[in-house]
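Student: Provided herewith: start-v6.txt, compact mmCIF, C-alpha atoms and all ligand atoms.
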```txt
# COMPACT_ATOMS: atom_id res chain seq x y z
CA MET A 20 13.42 -22.93 -14.24
CA CYS A 21 12.00 -22.63 -17.77
CA ALA A 22 8.38 -21.90 -18.50
CA GLY A 23 6.37 -24.93 -19.56
CA GLU A 24 8.10 -27.55 -17.44
CA PRO A 25 5.70 -30.13 -16.01
CA ALA A 26 4.48 -30.19 -12.43
CA GLN A 27 6.26 -33.48 -11.74
CA PHE A 28 9.57 -31.76 -12.32
CA LEU A 29 8.62 -29.04 -9.86
CA GLU A 30 7.73 -31.69 -7.25
CA ASP A 31 11.15 -33.39 -7.66
CA THR A 32 12.94 -30.08 -7.33
CA HIS A 33 10.91 -29.41 -4.20
CA LYS A 34 12.42 -32.50 -2.56
CA LEU A 35 15.95 -31.47 -3.55
CA ASN A 36 15.58 -27.91 -2.34
CA SER A 37 13.54 -28.38 0.79
CA ASN A 38 16.06 -26.32 2.76
CA LYS A 39 15.53 -23.24 0.65
CA LEU A 40 12.25 -22.48 2.38
CA THR A 41 13.95 -22.14 5.76
CA ALA A 42 15.24 -18.83 4.39
CA TYR A 43 11.57 -17.90 4.05
CA GLY A 44 10.86 -18.90 7.65
CA LEU A 45 9.83 -22.55 7.29
CA THR A 46 10.17 -24.38 10.60
CA ALA A 47 10.55 -28.12 11.29
CA ASP A 48 6.96 -28.60 12.52
CA MET A 49 5.58 -27.23 9.27
CA THR A 50 7.60 -29.53 7.00
CA THR A 51 5.85 -32.53 8.55
CA THR A 52 2.50 -31.29 7.21
CA ASN A 53 1.23 -34.35 5.38
CA ALA A 54 -0.55 -33.42 2.18
CA PRO A 55 0.04 -35.79 -0.75
CA GLY A 56 0.03 -34.03 -4.11
CA LEU A 57 0.29 -30.61 -2.52
CA THR A 58 3.33 -28.39 -2.17
CA ILE A 59 4.03 -26.03 0.71
CA GLY A 60 4.81 -22.41 -0.05
CA ARG A 61 4.69 -18.95 1.47
CA VAL A 62 2.60 -16.09 0.12
CA VAL A 63 5.10 -13.37 -0.82
CA ALA A 64 2.80 -11.02 -2.74
CA GLN A 65 -0.88 -10.37 -3.22
CA SER A 66 -2.93 -8.39 -5.68
CA ARG A 67 -6.67 -8.86 -5.14
CA ASN A 68 -7.34 -12.57 -5.78
CA LEU A 69 -3.93 -13.31 -7.27
CA TYR A 70 -1.05 -14.48 -5.09
CA GLY A 71 2.69 -14.85 -5.53
CA VAL A 72 3.80 -18.01 -3.71
CA GLN A 73 7.40 -19.03 -3.00
CA THR A 74 7.91 -22.79 -2.91
CA ALA A 75 11.20 -24.60 -2.31
CA ALA A 76 11.80 -24.88 -6.05
CA VAL A 77 10.24 -21.88 -7.67
CA ARG A 78 8.04 -18.83 -7.30
CA VAL A 79 4.58 -19.31 -8.79
CA GLN A 80 1.37 -17.38 -9.20
CA ALA A 81 -1.68 -18.92 -7.59
CA GLN A 82 -5.37 -18.53 -6.93
CA VAL A 83 -7.51 -20.05 -4.21
CA SER A 84 -9.47 -23.21 -5.00
CA GLY A 85 -13.22 -23.18 -5.51
CA ARG A 86 -13.61 -25.26 -2.36
CA MET A 87 -11.68 -22.72 -0.31
CA GLN A 88 -13.88 -19.93 -1.67
CA ASN A 89 -16.98 -21.93 -0.81
CA ILE A 90 -16.09 -22.50 2.80
CA ALA A 91 -14.82 -18.95 3.42
CA PHE A 92 -17.07 -16.70 5.51
CA GLY A 93 -14.88 -13.62 5.45
CA PRO A 94 -11.50 -12.11 4.51
CA GLU A 95 -9.79 -13.87 7.43
CA ASP A 96 -10.40 -17.22 5.68
CA PHE A 97 -8.39 -16.20 2.60
CA PRO A 98 -4.58 -16.18 2.35
CA THR A 99 -2.63 -13.00 2.97
CA VAL A 100 1.05 -12.07 2.67
CA GLY A 101 3.07 -14.17 5.14
CA ASP A 102 0.68 -17.11 5.09
CA TRP A 103 1.91 -20.66 4.54
CA VAL A 104 -0.27 -22.44 2.02
CA LEU A 105 -0.55 -25.89 0.46
CA LEU A 106 -0.96 -25.62 -3.26
CA ARG A 107 -1.43 -27.75 -6.33
CA MET A 108 1.42 -26.78 -8.65
CA PRO A 109 0.56 -25.58 -12.17
CA ALA A 110 1.53 -27.68 -15.18
CA SER A 111 3.54 -24.76 -16.50
CA LEU A 112 4.74 -21.49 -15.03
CA GLN A 113 2.43 -19.66 -17.41
CA ASP A 114 -0.50 -21.04 -15.43
CA ALA A 115 -1.60 -20.30 -11.89
CA GLY A 116 -1.30 -22.86 -9.13
CA ILE A 117 -4.28 -23.62 -6.92
CA ILE A 118 -4.14 -22.87 -3.21
CA GLU A 119 -6.01 -25.70 -1.52
CA ARG A 120 -5.31 -25.08 2.13
CA LEU A 121 -4.11 -22.49 4.60
CA VAL A 122 -1.63 -23.70 7.24
CA PRO A 123 -2.89 -22.55 10.69
CA ARG A 124 -1.47 -19.11 11.49
CA GLN A 125 0.96 -18.40 14.33
CA SER A 126 -0.05 -14.75 14.33
CA VAL A 127 -2.30 -12.49 12.31
CA PHE A 128 -2.67 -8.73 12.21
CA THR A 129 -6.11 -7.46 11.21
CA ARG A 130 -7.79 -4.09 10.97
CA LYS A 131 -11.11 -2.76 9.86
CA ALA A 132 -10.93 -1.85 6.20
CA ALA A 133 -11.20 1.86 5.49
CA GLY A 134 -14.55 3.26 4.47
CA THR A 135 -16.70 0.19 5.04
CA THR A 136 -18.82 -0.68 8.04
CA SER A 137 -17.70 -4.16 8.90
CA ASN A 138 -15.10 -5.31 6.43
CA LEU A 139 -11.98 -6.76 7.87
CA GLN A 140 -8.54 -6.47 6.29
CA VAL A 141 -5.98 -9.12 7.09
CA VAL A 142 -2.75 -7.13 6.90
CA ALA A 143 -0.12 -9.83 7.50
CA ALA A 144 0.20 -13.35 8.88
CA ASN A 145 2.87 -15.35 10.69
CA VAL A 146 4.83 -12.32 11.77
CA ASP A 147 7.20 -12.79 14.73
CA THR A 148 7.88 -9.13 15.44
CA LEU A 149 5.78 -6.11 14.58
CA PHE A 150 7.73 -2.85 14.28
CA LEU A 151 5.26 -0.13 15.24
CA CYS A 152 6.68 2.98 13.58
CA MET A 153 5.98 6.49 14.78
CA ALA A 154 7.87 9.58 13.68
CA LEU A 155 9.27 12.09 16.17
CA ASP A 156 8.04 15.01 14.06
CA GLY A 157 4.41 16.22 13.76
CA ASN A 158 3.28 12.59 13.44
CA PHE A 159 4.05 11.95 17.13
CA ASN A 160 0.88 10.88 18.95
CA LEU A 161 0.80 8.71 22.09
CA ARG A 162 -2.90 7.92 21.68
CA ARG A 163 -2.25 6.43 18.25
CA LEU A 164 0.63 4.41 19.68
CA GLU A 165 -1.72 2.94 22.32
CA ARG A 166 -4.03 1.88 19.51
CA TYR A 167 -1.23 0.16 17.56
CA LEU A 168 0.08 -1.54 20.72
CA ALA A 169 -3.38 -2.88 21.60
CA VAL A 170 -3.89 -4.41 18.15
CA ALA A 171 -0.30 -5.74 17.99
CA ARG A 172 -0.54 -7.38 21.41
CA ASP A 173 -3.62 -9.29 20.31
CA SER A 174 -2.02 -10.46 17.04
CA GLY A 175 0.28 -13.11 18.50
CA ALA A 176 3.41 -11.22 17.35
CA THR A 177 5.78 -9.29 19.65
CA PRO A 178 5.46 -5.52 19.29
CA VAL A 179 8.57 -3.29 19.18
CA VAL A 180 8.15 0.48 19.01
CA VAL A 181 10.33 2.19 16.39
CA LEU A 182 10.65 5.95 16.73
CA THR A 183 11.67 7.35 13.34
CA LYS A 184 13.03 10.69 12.08
CA ALA A 185 14.99 11.37 15.27
CA ASP A 186 16.67 14.26 13.39
CA LEU A 187 13.33 16.09 13.37
CA ALA A 188 12.53 15.63 17.10
CA THR A 189 11.77 18.87 18.90
CA ASP A 190 11.64 17.50 22.46
CA PHE A 191 13.49 14.19 22.23
CA ALA A 192 14.08 13.43 25.94
CA ASN A 193 10.44 13.98 26.96
CA GLN A 194 9.11 12.16 23.90
CA LEU A 195 11.27 9.14 24.70
CA THR A 196 10.19 9.09 28.37
CA ALA A 197 6.51 9.27 27.40
CA VAL A 198 6.86 6.54 24.76
CA THR A 199 8.76 4.23 27.12
CA ALA A 200 5.97 4.61 29.72
CA THR A 201 3.26 3.99 27.11
CA ALA A 202 5.08 1.00 25.57
CA GLY A 203 5.09 -0.94 28.85
CA ASP A 204 7.13 -4.11 28.33
CA ALA A 205 7.59 -3.49 24.58
CA GLN A 206 11.11 -2.54 23.48
CA VAL A 207 11.61 1.00 22.13
CA LEU A 208 14.13 1.76 19.33
CA VAL A 209 15.17 5.08 17.85
CA CYS A 210 16.09 5.53 14.17
CA ASP A 211 17.39 8.37 12.03
CA ALA A 212 17.55 7.42 8.37
CA THR A 213 19.53 10.57 7.54
CA LYS A 214 22.59 9.28 9.46
CA VAL A 215 24.92 6.59 8.15
CA ASP A 216 24.49 4.42 11.24
CA GLY A 217 21.02 5.72 12.18
CA TRP A 218 19.32 2.31 11.94
CA GLN A 219 21.88 0.07 13.70
CA GLU A 220 19.58 -0.52 16.69
CA LEU A 221 16.92 -1.80 14.31
CA GLN A 222 19.40 -3.94 12.35
CA ALA A 223 20.53 -5.58 15.60
CA CYS A 224 16.95 -6.76 16.30
CA ILE A 225 16.65 -8.65 13.02
CA HIS A 226 17.53 -12.36 12.88
CA PRO A 227 17.65 -14.87 9.99
CA GLY A 228 14.49 -16.92 9.40
CA ARG A 229 12.34 -14.63 11.57
CA THR A 230 9.52 -12.55 10.08
CA TYR A 231 9.07 -8.81 10.68
CA ALA A 232 6.41 -6.34 9.59
CA PHE A 233 6.57 -2.56 9.67
CA LEU A 234 3.35 -0.78 10.60
CA GLY A 235 2.61 2.88 10.94
CA SER A 236 0.95 5.88 9.37
CA SER A 237 1.79 6.80 5.82
CA GLY A 238 5.01 8.81 5.57
CA VAL A 239 6.64 7.83 8.89
CA GLY A 240 9.58 6.34 7.00
CA LYS A 241 8.86 2.60 6.87
CA SER A 242 9.99 2.10 3.27
CA THR A 243 13.08 4.23 3.88
CA LEU A 244 14.09 1.95 6.78
CA ILE A 245 13.41 -1.22 4.80
CA ASN A 246 15.52 0.16 1.93
CA ARG A 247 18.36 0.90 4.37
CA LEU A 248 18.17 -2.69 5.65
CA LEU A 249 18.13 -3.94 2.05
CA GLY A 250 21.07 -1.73 1.17
CA SER A 251 19.23 -0.56 -1.97
CA ASP A 252 16.18 1.35 -3.08
CA GLU A 253 14.44 -1.87 -4.14
CA LEU A 254 11.13 -0.93 -2.53
CA ALA A 255 11.01 2.47 -4.17
CA THR A 256 11.56 0.99 -7.62
CA GLY A 257 8.45 -1.20 -7.58
CA GLY A 258 7.45 -4.41 -5.90
CA ILE A 259 6.74 -7.92 -7.12
CA ARG A 260 4.74 -8.00 -10.33
CA LEU A 261 1.86 -10.41 -10.86
CA ALA A 262 0.01 -11.00 -14.13
CA ASP A 263 -3.73 -11.70 -14.15
CA ALA A 264 -5.55 -14.17 -16.41
CA HIS A 265 -5.57 -11.59 -19.22
CA GLY A 266 -1.81 -11.08 -18.95
CA ARG A 267 -2.24 -7.63 -17.37
CA HIS A 268 0.56 -6.84 -14.92
CA THR A 269 -0.03 -5.27 -11.55
CA THR A 270 2.53 -4.20 -8.99
CA THR A 271 1.50 -5.44 -5.60
CA SER A 272 1.13 -3.13 -2.66
CA ARG A 273 2.23 -5.74 -0.15
CA GLN A 274 5.23 -8.02 -0.35
CA LEU A 275 7.52 -10.28 1.61
CA ILE A 276 11.27 -9.83 1.10
CA VAL A 277 14.29 -11.71 2.44
CA LEU A 278 16.93 -9.23 3.60
CA PRO A 279 20.65 -9.73 2.86
CA SER A 280 21.09 -10.34 6.61
CA GLY A 281 18.55 -13.18 6.46
CA GLY A 282 15.59 -11.54 8.20
CA ILE A 283 12.22 -11.67 6.42
CA VAL A 284 10.31 -8.42 6.04
CA ILE A 285 6.68 -7.82 5.14
CA ASP A 286 6.08 -4.37 3.77
CA THR A 287 2.53 -3.18 4.47
CA PRO A 288 0.77 -0.22 2.91
CA GLY A 289 0.73 2.93 5.07
CA MET A 290 -2.43 3.44 7.07
CA ARG A 291 -4.37 6.62 7.42
CA GLU A 292 -6.10 5.23 10.48
CA LEU A 293 -6.03 1.93 12.32
CA ALA A 294 -9.59 1.01 13.20
CA ILE A 295 -9.49 -1.86 15.63
CA VAL A 296 -11.38 -5.13 15.68
CA ALA A 297 -9.26 -7.43 17.79
CA ALA A 298 -7.18 -5.75 20.49
CA ASP A 299 -5.60 -6.59 23.83
CA LEU A 300 -6.52 -3.59 25.94
CA ASP A 301 -5.82 -5.21 29.31
CA SER A 302 -2.08 -5.56 28.80
CA THR A 303 -1.75 -2.32 26.81
CA PHE A 304 -3.41 -0.44 29.68
CA SER A 305 -1.99 -2.62 32.46
CA ASP A 306 -1.61 0.46 34.69
CA ILE A 307 -5.40 0.96 34.53
CA THR A 308 -6.21 -2.75 34.96
CA ASP A 309 -3.85 -2.89 37.97
CA LEU A 310 -5.52 0.15 39.55
CA ALA A 311 -8.97 -1.31 38.81
CA ARG A 312 -8.31 -4.15 41.25
CA GLY A 313 -8.71 -1.53 44.01
CA CYS A 314 -12.14 -0.33 42.77
CA LYS A 315 -15.10 -0.98 45.09
CA PHE A 316 -17.16 -2.65 42.36
CA ASN A 317 -15.89 -5.53 40.25
CA ASP A 318 -17.65 -4.19 37.15
CA CYS A 319 -16.56 -0.58 37.74
CA THR A 320 -16.44 1.42 34.50
CA HIS A 321 -14.21 4.06 36.15
CA THR A 322 -16.59 6.86 35.26
CA ARG A 323 -18.75 7.93 38.21
CA GLU A 324 -18.83 4.96 40.59
CA PRO A 325 -18.03 5.56 44.27
CA GLY A 326 -14.81 3.99 45.49
CA CYS A 327 -13.20 4.01 42.03
CA ALA A 328 -9.45 3.59 42.40
CA VAL A 329 -8.81 4.72 38.80
CA GLN A 330 -10.60 8.04 39.30
CA ALA A 331 -8.75 8.40 42.62
CA ALA A 332 -5.42 7.99 40.78
CA ILE A 333 -6.46 10.71 38.33
CA ALA A 334 -7.43 13.04 41.20
CA ALA A 335 -4.04 12.38 42.81
CA GLY A 336 -2.27 13.24 39.55
CA GLU A 337 -0.91 9.69 39.20
CA LEU A 338 -2.79 8.82 36.00
CA ASP A 339 -3.21 11.01 32.93
CA PRO A 340 -6.98 11.47 32.29
CA LYS A 341 -6.19 11.37 28.53
CA ARG A 342 -5.02 7.79 28.96
CA LEU A 343 -8.28 6.73 30.63
CA ARG A 344 -10.24 8.49 27.85
CA SER A 345 -8.20 6.62 25.25
CA PHE A 346 -8.89 3.32 27.09
CA HIS A 347 -12.64 3.98 27.13
CA GLN A 348 -12.65 5.04 23.49
CA LEU A 349 -10.79 1.93 22.32
CA GLN A 350 -13.02 -0.29 24.47
CA ALA A 351 -16.15 1.17 22.84
CA GLU A 352 -14.68 0.94 19.35
CA GLN A 353 -13.61 -2.67 19.84
CA LYS A 354 -17.05 -3.67 21.13
CA GLU A 355 -18.84 -2.00 18.23
CA ASN A 356 -16.53 -3.45 15.56
CA LYS A 357 -16.62 -6.94 17.08
CA GLU A 358 -20.41 -6.90 16.97
CA LEU A 359 -20.41 -5.63 13.38
CA ARG A 360 -17.91 -8.33 12.40
CA GLY A 361 -19.86 -11.05 14.20
CA ARG A 362 -23.04 -10.03 12.37
CA ALA A 363 -21.24 -9.88 9.01
CA ARG A 364 -19.89 -13.42 9.49
CA GLU A 365 -23.30 -14.74 10.55
CA HIS A 366 -24.80 -13.09 7.49
CA ALA A 367 -22.16 -14.67 5.23
CA LYS A 368 -22.85 -18.10 6.78
CA ILE A 369 -26.60 -17.78 6.18
CA GLU A 370 -26.01 -16.66 2.59
CA LYS A 371 -23.65 -19.59 1.96
CA MET A 372 -26.13 -22.10 3.38
CA PHE A 373 -29.42 -20.72 2.10
CA GLY A 374 -28.64 -18.13 -0.57
CA SER A 375 -30.29 -15.37 1.47
CA LYS A 376 -32.00 -14.63 4.79
CA LYS A 377 -35.37 -14.90 3.05
CA SER A 378 -34.58 -18.44 1.81
CA MET A 379 -33.37 -19.36 5.28
CA LYS A 380 -36.69 -18.27 6.81
CA ALA A 381 -38.59 -20.25 4.18
CA ALA A 382 -36.45 -23.35 4.88
CA MET A 383 -37.06 -22.98 8.61
CA ARG A 384 -40.83 -22.66 8.06
CA THR A 385 -40.85 -25.83 5.94
CA ALA A 386 -38.85 -27.71 8.58
CA LYS A 387 -41.15 -26.53 11.38
CA ASN A 388 -44.28 -27.56 9.46
CA LYS A 389 -42.78 -30.97 8.72
CA TRP A 390 -42.00 -31.49 12.40
CA ARG A 391 -45.54 -30.49 13.43
CA ARG A 392 -47.16 -33.00 11.11
N1 LIG A 401 14.21 13.91 8.05
C1 LIG A 401 13.98 12.61 7.86
N2 LIG A 401 13.19 12.22 6.83
C2 LIG A 401 12.96 10.91 6.67
C3 LIG A 401 13.50 9.92 7.55
N3 LIG A 401 13.06 8.71 7.14
C4 LIG A 401 12.28 8.92 6.06
N4 LIG A 401 12.20 10.24 5.76
C5 LIG A 401 11.43 10.88 4.66
O1 LIG A 401 10.04 10.76 4.93
C6 LIG A 401 9.31 10.61 3.73
C7 LIG A 401 8.40 9.38 3.82
O2 LIG A 401 9.19 8.22 3.94
P1 LIG A 401 8.71 6.78 3.48
O3 LIG A 401 9.80 5.84 3.81
O4 LIG A 401 8.23 6.81 2.07
O5 LIG A 401 7.45 6.56 4.44
P2 LIG A 401 6.48 5.30 4.54
O6 LIG A 401 6.20 5.13 5.98
O7 LIG A 401 7.04 4.14 3.83
O8 LIG A 401 5.18 5.82 3.79
P3 LIG A 401 4.05 4.96 3.03
O9 LIG A 401 4.74 4.23 1.93
O10 LIG A 401 3.08 6.00 2.55
O11 LIG A 401 3.47 4.05 4.05
C8 LIG A 401 10.34 10.52 2.62
O12 LIG A 401 10.43 11.77 2.00
C9 LIG A 401 11.64 10.17 3.33
O13 LIG A 401 12.77 10.64 2.67
C10 LIG A 401 14.36 10.38 8.62
O14 LIG A 401 14.88 9.62 9.44
N5 LIG A 401 14.53 11.73 8.73
ZN ZN A 402 -13.09 2.11 38.89
```
Can the structure from this file be put into structure tokens for me?
Ligand SMILES: Nc1nc2c(ncn2[C@@H]2O[C@H](COP(=O)(O)OP(=O)(O)OP(=O)(O)O)[C@@H](O)[C@H]2O)c(=O)[nH]1
Ligand SMILES: [Zn+2]

Tutor:
Amino acid sequence: MCAGEPAQFLEDTHKLNSNKLTAYGLTADMTTTNAPGLTIGRVVAQSRNLYGVQTAAVRVQAQVSGRMQNIAFGPEDFPTVGDWVLLRMPASLQDAGIIERLVPRQSVFTRKAAGTTSNLQVVAANVDTLFLCMALDGNFNLRRLERYLAVARDSGATPVVVLTKADLATDFANQLTAVTATAGDAQVLVCDATKVDGWQELQACIHPGRTYAFLGSSGVGKSTLINRLLGSDELATGGIRLADAHGRHTTTSRQLIVLPSGGIVIDTPGMRELAIVAADLDSTFSDITDLARGCKFNDCTHTREPGCAVQAAIAAGELDPKRLRSFHQLQAEQKENKELRGRAREHAKIEKMFGSKKSMKAAMRTAKNKWRR
């Protein structure tokens, strides 16, 4: 495709190449999306408000439409890597396309952005399987794994635990037993990137047309594993480059890549901490929720209530008190962050409608007075 070719040409090519997007995970129900004048594509890269979008014919740069910005109340209303979008194609490849609509997500992984009180970060969308990576060296931490599992289980994607750096494990058998118990029904894989066949178990889990994301603390070996699957050091040598309106190039921190084997991988930036907003604690701590059915009170908090079956299990040595502490801690954190998020969205709505809270109060006063008269 040469630069400067008209949009009509791109539309025609789209019809000819409609199968190409299946390699990017397009499914039959999505192709029926009826949107005259708009082209379907998948977000493969993002750098602030600039997106790289793969369509059936070509890869374009795009920005969200003014309308989309106007109706957005928070980060979750903007596209992220992995999203399917409907866009108006640019007249030439020098220009940016306009993202008009977001196709409803099958799954979405969010976290609280670092350093801010309520800001949400949408890490990846439409992921089928989330590989939760934890290294078997000093990074090993079951409490952190519980946190990742809780967020992953709420995302709509299937979590799979990937234990990395098996060559550095000091107590492999016990670590594996503890992780298997913590993972519940989630599959557990072991990888060693230093061995020639040290990632075969992972490779066997990856299927064409399905989307995978690797999550885990910085340095656990996510990029190394993706590079092994790619069969090159592609990730290490820089990601997809996007150019802003001034022609300045930026290398994106997040990207979507199709592996030689056909699987689709979203590379996410390493996280120092995973602060939770949306989490499924009930299935992550199903041992505690099962025990809780035997508590005397329905609303038992498993702290000091009489007849608490959870505390009884701890006293009998059947439940690790650290696990209950982790459950309580995540419950409190989720409640606090949900409230913060709810307030932030309400605030954004008021600002969109009235400009500010002050203007809203003035508008309400005027309406009340009118009604009285
Ligand atoms: N011993 C050992 N080292 C490994 C293994 N896998 C990765 N490493 C090393 O661990 C370091 C971090 O690996 P990365 O792949 O960059 O980690 P990452 O999770 O992508 O880190 P971020 O990009 O910060 O999120 C590198 O020096 C790798 O060479 C392994 O299986 N064994
Ligand atoms: Zn109880």

Student: What separation in Å, quoted to one decimal, exists between CA of Ala331 (chain A) and CA of Asn317 (chain A)?

Tutor: 15.8 Å

Student: Hey, which of A:Thr287, A:Ser126, A:Thr230, A:Ser242 ends up closest to Leu45 (chain A)? Count all atoms listed in the file.

Tutor: A:Thr230

Student: For a test of reading the model, state the distance in Å between CA of Tyr43 (chain A) and CA of Trp218 (chain A), rounded to one decimal.

Tutor: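 Between these atoms lies a distance of 23.0 Å.
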
Student: Produce a table with one row for each residue of chain A that has an atom at most 7 Å from any atom of ligand LIG 401 (chain A), each row naming the nearest atom pair and its distance in Å at one decimal; use all atoms listed in the file; arrange rows by chain and rising residue number; format as CSV.

Tutor:
```
residue,atom,partner,partner_atom,distance
A:Thr183,CA,A:LIG401,O14,5.5
A:Lys184,CA,A:LIG401,O14,3.4
A:Ala185,CA,A:LIG401,O14,6.1
A:Asp186,CA,A:LIG401,N5,5.7
A:Leu187,CA,A:LIG401,N1,5.8
A:Cys210,CA,A:LIG401,O14,6.4
A:Asp211,CA,A:LIG401,O14,3.8
A:Ala212,CA,A:LIG401,O14,3.6
A:Thr213,CA,A:LIG401,O14,5.1
A:Gly235,CA,A:LIG401,O6,6.5
A:Ser236,CA,A:LIG401,O11,6.2
A:Ser237,CA,A:LIG401,O10,3.6
A:Gly238,CA,A:LIG401,O8,3.5
A:Val239,CA,A:LIG401,O6,4.0
A:Gly240,CA,A:LIG401,O3,3.2
A:Lys241,CA,A:LIG401,O6,3.8
A:Ser242,CA,A:LIG401,O7,3.6
A:Thr243,CA,A:LIG401,O3,3.7
A:Leu244,CA,A:LIG401,O3,6.5
A:Pro288,CA,A:LIG401,O11,5.2
A:Gly289,CA,A:LIG401,O11,3.1
A:Met290,CA,A:LIG401,O11,6.7
```

Student: Within 10 Å of ligand ZN 402 (chain A), counting only C-alpha atoms and all ligand atoms: which residues, as an MDAnalysis selection string?

Tutor: chainID A and resid 307:308 310:332

Student: Any idea what the distance is between CA of Leu161 (chain A) and CA of Phe304 (chain A)?

Tutor: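 Computing it gives 12.6 Å between the two atoms.
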
Student: Between A:Val62, A:Ile90, A:Ala205, A:Val277, which one has atoms that come closest to His226 (chain A), using all atoms listed in the file?

Tutor: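 So, comparing all the options, the nearest one is A:Val277.
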